[in-house]
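See below for the structure under consideration.
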Amino acid sequence: CSSPEVRSQSEHCCGLYKNARMEMADEEVHMKDAVSWLSEEESEMDSDSKHLLGEAKKKGLHYGSTAVSGEQESGSSRRRRRVWWDCCRDQWGWLPCWRMNRVGPTPTRTIHINTIETNLESQFCSNRISTTKYNFLSFLPLFLYDQFRRYANLFFLLIVFLQQIPGVSPTGRFTTAVPLFLVLLATAVKELIEDYRRHKADNEVNRRWVKVFRCGGEELVHWTKVVVGDIVEVRNKEFFPSDLLLLCSSEPQGICYIETSNLDGETNLKIRQAHPDTMDQDVKRLGGRVECEGPNNRLYEFTGNLQLDEHRLEPIQADQILLRGAQLRNTQWVRGLVLYTGHDSKLLQNASRAPLKRSNMDRVTNRQVVFLFIILLLLSLASSIGASVWNKWHVGREEHWYLPLTADPAAEVGRFFKSFLTFIILYNNLIPISLIVTLEVIKFLQAYFINYDQDMYDAETDTPALARNSNLNEELGQVKYIFSDKTGTLTENIMDFKKCTVAGQVYGMNLDSVSDDSYPVVELEEALQGLDGDSTLLEFMKVLALCHTVIPEREEGGVVYRASSPDEGALVRAAKDLGVVFEARTPDSMIISVRGHKEEYKLLNLLEFNSTRKRMSVIVRTPDGQIKLFCKGADTVIYDRLLPNEAFARQTESHLEYFAVDGLRTLCIAEATIDEQSYQDWNMQYRAASTALDDREKKLDLAAEQIEKDLHLLGATAIEDKLQERVPESIALLRKANIKIWVLTGDKQETAITIGYSSRQLTKNMTLMVINVDSLEMVQARIQDYINQIGRDSLGREQNAAVIIDGKSLHFALDAAVSDQFLELALACKSVICCRVTPKQKADVVELVRTKVNDSITLAIGDGANDVSMIQAAHVGVGISGREGLQATLASDYAISQFRFLVKLLLVHGAWNYNRLAKLILYSFYKNICLYMIEFWFAFLNGFSGQPLFERWTIGLYNVIFTIAPPIALGLFDQDVSAKARLCIASLYHPSQARKGFNSRVFWKWIVLSIYHSLALFLLIYFLLGHETAFENGKVFGLWYVGNTVYTAVVITVCLKAGLEIDYWICFTHLSIWGSIVSWFLFVLVYAHFWPTFPLAVEMVGQDFKLFASSSFYALFVLGPAVCILPDLLWTAFQKTVWPTEIDKERMKEIAAKTSLDDYERGISVAVSYSVSSPDTLEYEDRQAELADSSIAYRRGYAFSQEDHDGLLRRGSSRVQRREMIRMYDTTQDGTSI
């Protein structure tokens, strides 16, 4: 910071601050007040900051004549005085993060164009985004809050304070403080590592480059440096760094194409047009201001006005706004004015801060800790009462002359409370202090198993799985509801032309080995070879190449098509691949190449698509002078307009049903020949409609009806909205695992239903309950009708039905008056598909299920920024790290690259982690109670004096050394059955989903078992050593000999118990069990010789010789574990033989087959199809059965995904239709020109 360059930047910041103040004559604020405020912060500054402050004081700058005191200072002044700080932050980024927090949005904002100083005064939000949990200042308080809301940690903190009271602790002052500190330290390191990864991912977004125009020049800056009022230039295929007002573009009339899949899940391109006052302006010289609404989450609405210098106020429309998260497509560049930055942008206004998620197992463990704490208090109370009774019985007895026993009631009360605190400290280890840190470490390492699983690695994109929040590993094994986005999650955002039917014959491209005898499929490319120019098939291809609004661009390698609908692009590309190439467009013609021969068609009219018409048409004059109408649309509307007795209508309809079974999106293709006079008469009507001032769109539709009639059916196309690999099989397997899948998408209803069928989310005989009405009363009535159809008594059973609801109806369905009924209906159905939903609605649906369905673990999966709210609202959020940017991945708990990897993540890793952590937690409670309950039994022999049976540091090291390895082996490597078995038998997921491995019943069973083991070991040793049998030298057993003997028996018992619970033995498992036992013996040999070299362990001097020289010691450490473990072993063998679970049966099969570790390594790759049969064969058989059932009415999705009137542009004050816009292009010139 001492370099001249940085100091120059410092002075520049002061200059900006000075200029901003000088321009605020109406505010009249003294610089000395700002300097005074800065002086208050001087203690927090580094040396360079202090120097800069000193320079400001020396200059004595002031702006205005009226000082404003700190008490009288307004909120706006308080914001303005931070300009200097924010400028420095933008220059160096060294300010504390709490300085970056914005004060809050104002109802409206005024943005000055090309006047950065004025905009800085308004203190708009920074463009930096953050998905991390912590920052520099918030880490400590948030971390401590997160840790101490765990009752175990809070309890041990209390013990630490109690141990500091003189004369109270029987185990020393620091035997709890040191372990607690180490536990918190290890957890903090783990949290920092995970949050650093989030911070690193955030930086990938924040440090993207963008060109900015400032002060008459231009520069490349990081996204974080973009501020409100900047003019930025975004190039093709780049994302918008903030919410922008489109000023101009490289295209005619200032239009541009954008993809909004991050916002609404749709991959079709949308058109935006620059404001007419700015599309031809030089942005460097542009001046004026924008007045607009404050930040909000309304994606499709915008209210604002633009006033350029010496121009009147003009309204800004929503279709002139480019939102952060959208991507520029098929446009060389656009330039836009920054309106909202960072967390003020509409995308992030729809998101929420990453929540601190806790697993259900954590919450249950917290409750069990409370119960154990109550037991501890009861034991301490009972022991204190016992101490008082014993003291009362032995007051005045000569044999206890050395004890300070008195009959004074006041002293007795003090002794009672002191004893109570002593016993709380003595028994505190009933709650295992190592449990929390063990869980944290185990979960952290489990995350690496997920990250490095080769079966979840996508080689095509070089993307592995990523566990971003290891705290939720066990939640993956309990999922009951999956909420999935469609576009980019179930599908690949790719449209493929698969088949078509022409003149009663089915054709296909790239046919697979499975064919259909009922409808023989001919290879399309072969069929086109050798055809003459009059064939129906070739005419069909020409219609595909001409009936559209696609704009061709010539790039290296050939023609590239810019389509506002991916379906249109797929059809034109298919025609090109088959030899009919759409080559160029001029304002009044279209040029195609048929087998190398160019043909020019004069474009007469274009009749656009909308959701009412469900079709589009073009009227062209052919090279031979004929006037023809080419039309494509949904079968329902095309069939109504065909000539009577069309030859292939019935055959085509049956083919459409065949395509629907495959889940393909269909369009019917038709044409008509129009005589010259009829066309001229109609064209006059059409021109009149196009210039009408009232009901123009309605009149245009009526005019189109007059010409789109008496059509000749050529055939139909079948397009696949390509699913990701193995999506249908994955959904089928997840359903077998009793997991319900709800699809929440921004796509239209028809598109969502089509994908529902192709992904097997919907089936042929499933009843569709469609809700798409426009009022609360109508939604309530429709839901009630469907409930009545099902029957109130049948709501508790799953029905073979699906709920299909659109966004408008969902808005009312989520109302408090209707939400319970809607949830009842949805839970009774196999599938739920919500269409046209906003990001907030996605989150609301997840929240509805999460809060109102008891014991339900929800998982949300998506790939776009529009899925962030949903991902954060669910118990577990999974991001698809695909083609839609990083927003979903950054907000997720887990990231995968393909939907199919979710199967292994849940059914294998999730179930394994749940079982591992359940055993770990139960075993941790067991081993502690087994040891420390012996202190309670011993209290009956020592007069409840609080004397511990074990040496103090062996008590502390029990969890840290001697029994730390078995829980790690349980938590990391145990597996009940192999990955292969779990992938092939989905029902093996049911036990973890039903939480059979960890619940109150299982917990208390382990507690009772641990009490029994502790009592059995204590009584065994009491009866064998109760008379203090002498050694050969005449010495008798002492307290520490008895304690160490019991301790040895306990260590061996709990280690063998861990071995009994482990289902999968590997080298580390053996090392953890036998190594833990050996570590205790080695410790005794070393620790017994610490004193006097070290000032501790005086009680252990000579204990190694006493223990290892005594035959009683060897007899006890063999008999003790045998008495405890043998009954467990016999009961386990009996249970698994007489009442085996499904998992037990499968494990026995694997043991019999000598299943090896290779099953884990092969994972999903060995499960060829997720099922017992080939998926291709199963699908083929299903289609045959479906086609044979003539009673089935198939729902066919038609392949139009563009928005209604998304081609409406603006020229001056009037709208420009797509039919006019495409006439602006002449692609025969170099590049694309007007």
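FYI, nothing fancy with the structure tokens labels: chains A, B, ... in order, residues from 1 per chain, ligands from 1 as they appear.
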
- Query: as number ranges by chain, which residues of range 788-992 of chain A does DSSP assign to alpha helix (DSSP H)?
  - Reply: A: 788-790, 807-813, 819-827, 839-852, 868-873, 887-891, 901-904, 911-939, 952-957, 965-973, 979-984, 990-992

- Which polymer residues have any atom within 12 Å of an atom of Ala1058 in chain A, counting only C-alpha atoms, with same-chain residues fewer than 5 positions away left out, as number ranges by chain? A: 916, 919-924, 926-927, 963-971, 974, 1051-1053, 1063-1065, 1069-1070, 1072-1074, 1076-1077, 1125, 1128-1129

I need the chosen residues saved as a compact mmCIF listing (two decimals), in the first residue's frame, with N, CA, C and O atoms.
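Contents of the output file out.txt:
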# COMPACT_ATOMS: atom_id res chain seq x y z
N ARG A 916 -24.05 -45.84 9.10
CA ARG A 916 -22.76 -45.64 9.77
C ARG A 916 -22.87 -44.65 10.92
O ARG A 916 -22.38 -44.90 12.03
N LYS A 919 -24.92 -45.99 13.93
CA LYS A 919 -24.12 -46.88 14.78
C LYS A 919 -23.08 -46.09 15.56
O LYS A 919 -22.83 -46.37 16.74
N LEU A 920 -22.47 -45.10 14.91
CA LEU A 920 -21.44 -44.30 15.58
C LEU A 920 -22.01 -43.58 16.81
O LEU A 920 -21.41 -43.61 17.89
N ILE A 921 -23.16 -42.95 16.63
CA ILE A 921 -23.75 -42.19 17.74
C ILE A 921 -24.17 -43.12 18.87
O ILE A 921 -23.87 -42.87 20.05
N LEU A 922 -24.85 -44.20 18.53
CA LEU A 922 -25.30 -45.14 19.55
C LEU A 922 -24.13 -45.77 20.27
O LEU A 922 -24.14 -45.93 21.50
N TYR A 923 -23.11 -46.13 19.52
CA TYR A 923 -21.93 -46.74 20.14
C TYR A 923 -21.19 -45.75 21.04
O TYR A 923 -20.67 -46.14 22.10
N SER A 924 -21.14 -44.48 20.63
CA SER A 924 -20.46 -43.47 21.46
C SER A 924 -21.15 -43.30 22.80
O SER A 924 -20.48 -43.21 23.85
N TYR A 926 -23.00 -45.62 24.20
CA TYR A 926 -22.85 -46.91 24.89
C TYR A 926 -21.52 -47.00 25.61
O TYR A 926 -21.45 -47.35 26.79
N LYS A 927 -20.42 -46.71 24.92
CA LYS A 927 -19.10 -46.90 25.52
C LYS A 927 -18.87 -45.96 26.69
O LYS A 927 -18.18 -46.33 27.66
N THR A 963 -10.67 -45.49 22.78
CA THR A 963 -11.91 -45.90 22.09
C THR A 963 -12.26 -44.95 20.94
O THR A 963 -13.42 -44.87 20.54
N ILE A 964 -11.27 -44.27 20.40
CA ILE A 964 -11.54 -43.34 19.30
C ILE A 964 -11.58 -44.06 17.95
O ILE A 964 -12.31 -43.68 17.03
N ALA A 965 -10.80 -45.12 17.80
CA ALA A 965 -10.69 -45.78 16.49
C ALA A 965 -11.93 -46.59 16.11
O ALA A 965 -12.36 -46.55 14.94
N PRO A 966 -12.55 -47.36 17.01
CA PRO A 966 -13.74 -48.13 16.61
C PRO A 966 -14.88 -47.28 16.04
O PRO A 966 -15.48 -47.67 15.02
N PRO A 967 -15.20 -46.11 16.64
CA PRO A 967 -16.24 -45.28 16.01
C PRO A 967 -15.84 -44.81 14.61
O PRO A 967 -16.71 -44.70 13.73
N ILE A 968 -14.57 -44.55 14.39
CA ILE A 968 -14.12 -44.13 13.06
C ILE A 968 -14.31 -45.26 12.06
O ILE A 968 -14.76 -45.05 10.93
N ALA A 969 -13.97 -46.49 12.48
CA ALA A 969 -14.18 -47.63 11.59
C ALA A 969 -15.65 -47.81 11.27
O ALA A 969 -16.03 -48.09 10.12
N LEU A 970 -16.51 -47.65 12.28
CA LEU A 970 -17.96 -47.75 12.04
C LEU A 970 -18.44 -46.65 11.11
O LEU A 970 -19.24 -46.88 10.21
N GLY A 971 -17.95 -45.43 11.32
CA GLY A 971 -18.46 -44.28 10.58
C GLY A 971 -17.94 -44.15 9.17
O GLY A 971 -18.58 -43.50 8.34
N ASP A 974 -17.92 -49.12 7.39
CA ASP A 974 -18.93 -50.16 7.53
C ASP A 974 -19.96 -50.07 6.40
O ASP A 974 -20.34 -48.97 5.98
N VAL A 1051 -12.48 -51.48 28.36
CA VAL A 1051 -11.89 -51.20 27.05
C VAL A 1051 -12.05 -52.41 26.12
O VAL A 1051 -12.44 -52.27 24.95
N ILE A 1052 -11.75 -53.60 26.65
CA ILE A 1052 -11.86 -54.81 25.81
C ILE A 1052 -13.31 -55.06 25.44
O ILE A 1052 -13.63 -55.38 24.28
N THR A 1053 -14.23 -54.86 26.39
CA THR A 1053 -15.65 -55.12 26.12
C THR A 1053 -16.20 -54.19 25.05
O THR A 1053 -16.86 -54.64 24.10
N ASP A 1063 -20.30 -54.74 10.10
CA ASP A 1063 -20.72 -55.73 9.12
C ASP A 1063 -19.67 -55.97 8.04
O ASP A 1063 -19.76 -56.95 7.31
N TYR A 1064 -18.72 -55.08 7.93
CA TYR A 1064 -17.79 -55.14 6.79
C TYR A 1064 -16.39 -54.95 7.32
O TYR A 1064 -16.02 -53.86 7.75
N TRP A 1065 -15.59 -56.02 7.31
CA TRP A 1065 -14.25 -55.99 7.91
C TRP A 1065 -13.19 -55.78 6.83
O TRP A 1065 -13.17 -56.48 5.83
N THR A 1069 -10.41 -51.88 9.94
CA THR A 1069 -11.35 -52.33 10.97
C THR A 1069 -10.63 -53.19 11.99
O THR A 1069 -10.79 -53.00 13.21
N HIS A 1070 -9.83 -54.14 11.52
CA HIS A 1070 -9.05 -54.98 12.44
C HIS A 1070 -8.11 -54.12 13.27
O HIS A 1070 -7.97 -54.31 14.49
N SER A 1072 -8.39 -51.00 14.09
CA SER A 1072 -9.11 -50.15 15.05
C SER A 1072 -9.56 -50.94 16.28
O SER A 1072 -9.52 -50.42 17.40
N ILE A 1073 -9.99 -52.19 16.09
CA ILE A 1073 -10.47 -52.99 17.22
C ILE A 1073 -9.31 -53.49 18.06
O ILE A 1073 -9.20 -53.21 19.26
N TRP A 1074 -8.42 -54.24 17.42
CA TRP A 1074 -7.32 -54.84 18.18
C TRP A 1074 -6.27 -53.81 18.56
O TRP A 1074 -5.66 -53.90 19.64
N SER A 1076 -6.86 -50.71 19.40
CA SER A 1076 -7.34 -49.94 20.57
C SER A 1076 -7.07 -50.70 21.86
O SER A 1076 -6.69 -50.11 22.89
N ILE A 1077 -7.27 -52.02 21.82
CA ILE A 1077 -7.02 -52.82 23.03
C ILE A 1077 -5.53 -52.80 23.37
O ILE A 1077 -5.14 -52.59 24.53
N ILE A 1125 -20.43 -59.84 26.20
CA ILE A 1125 -20.55 -59.94 24.75
C ILE A 1125 -21.23 -61.24 24.31
O ILE A 1125 -21.96 -61.25 23.31
N ASP A 1128 -24.97 -60.99 23.76
CA ASP A 1128 -25.24 -60.19 22.56
C ASP A 1128 -25.00 -61.00 21.29
O ASP A 1128 -25.78 -60.94 20.34
N LEU A 1129 -23.92 -61.76 21.28
CA LEU A 1129 -23.58 -62.55 20.11
C LEU A 1129 -24.64 -63.61 19.83
O LEU A 1129 -25.09 -63.79 18.69

- Item | From A:Glu608, A:Glu1099, A:Asp815, A:Glu523, residue lying nearest Trp953 in chain A [only C-alpha atoms] |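 The shortest atom-to-atom distance to Trp953 in chain A comes from A:Glu1099.
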
- Message: Show me, as a VMD selection string, the residues that have an atom within 8 Å of Ala1016 in chain A when counting only C-alpha atoms, minus same-chain residues fewer than 6 positions from it.
- Response: chain A and resid 1120 1123 to 1124

Would you mind exporting N, CA, C and O atoms of the selected residues as a compact mmCIF listing (two decimals), in the first residue's frame?
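Writing the result to out-v6.txt gives the following:
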# COMPACT_ATOMS: atom_id res chain seq x y z
N GLY A 1120 -14.79 -60.90 32.04
CA GLY A 1120 -15.66 -59.73 31.96
C GLY A 1120 -16.26 -59.54 30.57
O GLY A 1120 -17.48 -59.51 30.40
N VAL A 1123 -18.78 -62.34 29.65
CA VAL A 1123 -20.11 -62.23 30.28
C VAL A 1123 -20.97 -61.20 29.56
O VAL A 1123 -22.20 -61.37 29.44
N CYS A 1124 -20.36 -60.15 29.06
CA CYS A 1124 -21.13 -59.07 28.40
C CYS A 1124 -21.42 -59.37 26.93
O CYS A 1124 -22.54 -59.17 26.45

- Query: Expressed in Å to a single decimal, how great is the separation between CA of Leu339 in chain A and CA of Pro839 in chain A?
  - Reply: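 The value is 21.2 Å.
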